[in-house]
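One structure is given below, encoded as structure tokens.
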Amino acid sequence: MAAVIDGKAISAKVKSEVRQETEALKAKGISIGLAVVIVGDNPASRVYVNNKKKACAEVGFESFEYALPEETTQEELLALVDKLNKDDTVNGILVQLPLPKQIDEKAVINAILPEKDVDAFHPVNVGKIMIGDFAFLPCTPAGVMELIASTGVEISGKECVVIGRSNIVGKPMAMLLLHKNGTVTICHSKTKNLAEVCSRADILVAAVGRANFVTPDMVKEGAVVIDVGMNRLENGKLCGDVDYAACFEKAGYITPVPGGVGPMTIAMLMKNTLTSAKIKNSIAL
């Protein structure tokens, strides 16, 4: 029977550590600010932005929200990013995705200064993750690494399988496991014998965006199962990519949805913003 990995408790610990460091910096006259930009009124994006503002208040950051109308042009958004790049009170810039169709997401991500790119989406930061010389990690994969660490299971030498190859989760997740000496397989929609490949994993990370996709035949006895998925069923209930109830008996450790990876993503965003402030002020990481 699986031990449940409590993302709420672990994220609270990360935020508490960030708060302590933030208070120490404030005592030296250094304040930390995160700018969050939302374009349009996507309800899910609004929830995420509100959660980020709440987390800023918890850890003692200044939070700057820029809510722009749906019809905002790319030029207007890029002008705002440029202004925030030059603003010394802003350590991190986060442009909430998705953006309206008239705006090129890639152009916006590329416009954010790499040292203020606390989502770690800029090509410079992506490249640094590839070579293992990074200051920031994408928030969700970084949170997953904390969750795995909490189990005490050593990644080195283990078979690790990541289901999903997105730029935001799947690819960086594989790199972080590789940097910890895991033997990593990335699976996707074209993978043959998917269940067989997954069932070899000592550590299985599901980030495919399909409700209850991972079934017990895909889980190795005693494996660490991390569920990055966040899907809404027809009855309105949230569920992950892993059939939690069915896989619970077989896994050694498992994350619930909600309450697993979700809280960690925002906690790691706070940690990245703190890192940005420390780099700017030449404080050792």
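Starting from 1 in every chain, residues are counted up; chains themselves are A, B, ... following the order of the structure tokens, and ligands are numbered from 1 as listed.
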Tell me which protein, DNA and RNA residues are within 10 Å of Asp227 of chain A, counting only C-alpha atoms, leaving out same-chain ones fewer than 4 positions away, and put them as a VMD selection string.
chain A and resid 144 163 204 to 209 212 214 239 to 244 254 to 258 260 to 262
Selection from above, C-alpha atoms, as a PDB file, in the first residue's frame, can you write it?
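Final output, saved to result.pdb:
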```pdb
ATOM      1  CA  VAL A 144       8.407  17.167  -8.460  1.00  0.00           C
ATOM      2  CA  ILE A 163       5.055  10.225 -19.654  1.00  0.00           C
ATOM      3  CA  LEU A 204       7.090   7.209 -12.726  1.00  0.00           C
ATOM      4  CA  VAL A 205       6.112  10.802 -13.546  1.00  0.00           C
ATOM      5  CA  ALA A 206       2.804  11.210 -15.402  1.00  0.00           C
ATOM      6  CA  ALA A 207       2.390  14.527 -17.261  1.00  0.00           C
ATOM      7  CA  VAL A 208       0.162  13.621 -20.178  1.00  0.00           C
ATOM      8  CA  GLY A 209      -3.037  15.588 -19.444  1.00  0.00           C
ATOM      9  CA  ASN A 212      -6.868   8.364 -15.095  1.00  0.00           C
ATOM     10  CA  VAL A 214      -2.077   5.466 -15.762  1.00  0.00           C
ATOM     11  CA  CYS A 239      -8.457  14.134 -11.000  1.00  0.00           C
ATOM     12  CA  GLY A 240      -4.942  13.458 -12.185  1.00  0.00           C
ATOM     13  CA  ASP A 241      -3.375  11.417 -14.970  1.00  0.00           C
ATOM     14  CA  VAL A 242      -3.059   8.445 -12.594  1.00  0.00           C
ATOM     15  CA  ASP A 243      -6.012   6.277 -11.574  1.00  0.00           C
ATOM     16  CA  TYR A 244      -5.227   7.006  -7.924  1.00  0.00           C
ATOM     17  CA  ILE A 254       2.002   8.341  -4.659  1.00  0.00           C
ATOM     18  CA  THR A 255       0.889  11.985  -4.983  1.00  0.00           C
ATOM     19  CA  PRO A 256      -2.807  12.855  -4.673  1.00  0.00           C
ATOM     20  CA  VAL A 257      -4.690  15.253  -6.981  1.00  0.00           C
ATOM     21  CA  PRO A 258      -5.384  17.855  -5.731  1.00  0.00           C
ATOM     22  CA  GLY A 260       0.261  16.854  -4.612  1.00  0.00           C
ATOM     23  CA  VAL A 261       2.216  18.584  -7.357  1.00  0.00           C
ATOM     24  CA  GLY A 262      -0.086  21.657  -7.606  1.00  0.00           C
TER      25      GLY A 262
END
```
Based on DSSP run over this structure's backbone, return all residues of segment 27-257 of chain A in alpha helix (DSSP H), as a ChimeraX atom specification.
/A:27,43-59,74-85,105-111,123-131,139-151,170-179,194-198,244-248
Pick out the closest residue to Thr22 of chain A from this set: A:Cys56, A:Leu176, A:Ile10, A:Leu84. Count only C-alpha atoms.
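Using only C-alpha atoms, the shortest distance to Thr22 of chain A belongs to A:Cys56.
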Might you pull out every residue within 10 Å of Gly182 of chain A, with only C-alpha atoms counted and same-chain residues fewer than 2 positions away left off, and present them as a list in words?
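Near Gly182 of chain A, the qualifying residues are Glu154, Ile155, Ser156, Gly157, Lys158, Glu159, Cys160, Val161, Ala174, Met175, Leu176, Leu177, Leu178, His179, Lys180, Val184, Thr185, Asp202 and Ile203 of chain A.
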Go ahead and dump the residues you just picked, N, CA and C atoms, as a PDB file, in the first residue's frame.
```
ATOM      1  N   GLU A 154      16.427   7.270  -3.398  1.00  0.00           N
ATOM      2  CA  GLU A 154      17.581   7.765  -4.157  1.00  0.00           C
ATOM      3  C   GLU A 154      17.280   7.650  -5.655  1.00  0.00           C
ATOM      4  N   ILE A 155      17.473   8.736  -6.417  1.00  0.00           N
ATOM      5  CA  ILE A 155      17.216   8.709  -7.863  1.00  0.00           C
ATOM      6  C   ILE A 155      18.359   7.994  -8.601  1.00  0.00           C
ATOM      7  N   SER A 156      19.578   8.176  -8.121  1.00  0.00           N
ATOM      8  CA  SER A 156      20.766   7.645  -8.794  1.00  0.00           C
ATOM      9  C   SER A 156      20.632   6.146  -9.083  1.00  0.00           C
ATOM     10  N   GLY A 157      20.816   5.805 -10.367  1.00  0.00           N
ATOM     11  CA  GLY A 157      20.771   4.398 -10.771  1.00  0.00           C
ATOM     12  C   GLY A 157      19.385   3.819 -10.981  1.00  0.00           C
ATOM     13  N   LYS A 158      18.350   4.619 -10.663  1.00  0.00           N
ATOM     14  CA  LYS A 158      16.974   4.104 -10.785  1.00  0.00           C
ATOM     15  C   LYS A 158      16.457   4.269 -12.218  1.00  0.00           C
ATOM     16  N   GLU A 159      15.527   3.375 -12.581  1.00  0.00           N
ATOM     17  CA  GLU A 159      14.792   3.524 -13.854  1.00  0.00           C
ATOM     18  C   GLU A 159      13.714   4.591 -13.637  1.00  0.00           C
ATOM     19  N   CYS A 160      13.775   5.671 -14.420  1.00  0.00           N
ATOM     20  CA  CYS A 160      12.807   6.760 -14.307  1.00  0.00           C
ATOM     21  C   CYS A 160      12.067   6.890 -15.631  1.00  0.00           C
ATOM     22  N   VAL A 161      10.749   6.921 -15.571  1.00  0.00           N
ATOM     23  CA  VAL A 161       9.956   7.082 -16.793  1.00  0.00           C
ATOM     24  C   VAL A 161       9.089   8.332 -16.654  1.00  0.00           C
ATOM     25  N   ALA A 174      12.734  15.270 -17.392  1.00  0.00           N
ATOM     26  CA  ALA A 174      13.681  14.216 -17.775  1.00  0.00           C
ATOM     27  C   ALA A 174      15.119  14.660 -17.508  1.00  0.00           C
ATOM     28  N   MET A 175      15.423  15.936 -17.813  1.00  0.00           N
ATOM     29  CA  MET A 175      16.783  16.449 -17.611  1.00  0.00           C
ATOM     30  C   MET A 175      17.146  16.476 -16.131  1.00  0.00           C
ATOM     31  N   LEU A 176      16.215  16.879 -15.281  1.00  0.00           N
ATOM     32  CA  LEU A 176      16.511  16.956 -13.840  1.00  0.00           C
ATOM     33  C   LEU A 176      16.760  15.568 -13.262  1.00  0.00           C
ATOM     34  N   LEU A 177      15.993  14.586 -13.707  1.00  0.00           N
ATOM     35  CA  LEU A 177      16.210  13.205 -13.259  1.00  0.00           C
ATOM     36  C   LEU A 177      17.560  12.691 -13.757  1.00  0.00           C
ATOM     37  N   LEU A 178      17.904  13.076 -14.983  1.00  0.00           N
ATOM     38  CA  LEU A 178      19.188  12.677 -15.563  1.00  0.00           C
ATOM     39  C   LEU A 178      20.355  13.297 -14.782  1.00  0.00           C
ATOM     40  N   HIS A 179      20.199  14.581 -14.400  1.00  0.00           N
ATOM     41  CA  HIS A 179      21.254  15.241 -13.616  1.00  0.00           C
ATOM     42  C   HIS A 179      21.477  14.557 -12.266  1.00  0.00           C
ATOM     43  N   LYS A 180      20.438  13.862 -11.772  1.00  0.00           N
ATOM     44  CA  LYS A 180      20.567  13.106 -10.506  1.00  0.00           C
ATOM     45  C   LYS A 180      20.945  11.649 -10.776  1.00  0.00           C
ATOM     46  N   VAL A 184      16.788   7.515 -17.652  1.00  0.00           N
ATOM     47  CA  VAL A 184      15.506   8.163 -17.971  1.00  0.00           C
ATOM     48  C   VAL A 184      14.961   7.746 -19.334  1.00  0.00           C
ATOM     49  N   THR A 185      13.674   7.409 -19.354  1.00  0.00           N
ATOM     50  CA  THR A 185      12.942   7.170 -20.600  1.00  0.00           C
ATOM     51  C   THR A 185      11.807   8.179 -20.679  1.00  0.00           C
ATOM     52  N   ASP A 202      11.100   2.646 -11.568  1.00  0.00           N
ATOM     53  CA  ASP A 202      11.155   2.800 -10.110  1.00  0.00           C
ATOM     54  C   ASP A 202      10.530   4.138  -9.729  1.00  0.00           C
ATOM     55  N   ILE A 203      10.660   5.116 -10.646  1.00  0.00           N
ATOM     56  CA  ILE A 203      10.061   6.444 -10.456  1.00  0.00           C
ATOM     57  C   ILE A 203       9.278   6.764 -11.723  1.00  0.00           C
TER      58      ILE A 203
END
```
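Comparing the minimum interatomic distances between Ala9 of chain A and each of A:Glu221, A:Ser189, A:Val126, A:Met264, counting only C-alpha atoms, we find that A:Met264 sits nearest.
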Using only C-alpha atoms, find the one residue out of A:Asn281, A:Ser63, A:Ser199, A:Thr265 that sits nearest to Val224 of chain A.
A:Ser199
Kindly indicate which residue among A:Ala245, A:Ile279, A:Val225, A:Val118 lies nearest to Ile148 of chain A, using only C-alpha atoms for the distances.
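Among the listed residues, the smallest separation from Ile148 of chain A belongs to A:Val225.
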Show which residues sit within 12 Å of segment 87-91 of chain A, as a ChimeraX atom specification. Count only C-alpha atoms, and ignore same-chain residues fewer than 5 positions away.
/A:30-36,61-65,80-82,112-118,269-281
Leaving out Met218 of chain A and any residue of its chain fewer than 5 positions from it, which residues lie within 8 Å of it when counting only C-alpha atoms, given as an MDAnalysis selection string?
chainID A and resid 194:199
Using only C-alpha atoms, find the one residue out of A:Glu249, A:Asp217, A:Glu146, A:Asp133 that sits nearest to Gly7 of chain A.
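Closest to Gly7 of chain A of all the choices is A:Glu146.
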Run DSSP on the backbone and grab whatever in segment 86-274 of chain A lands in strand (DSSP E or B); send it over as number ranges by chain.
A: 92-95, 159-163, 183-187, 203-206, 214, 224-227, 231-232, 238-239, 242, 253-254
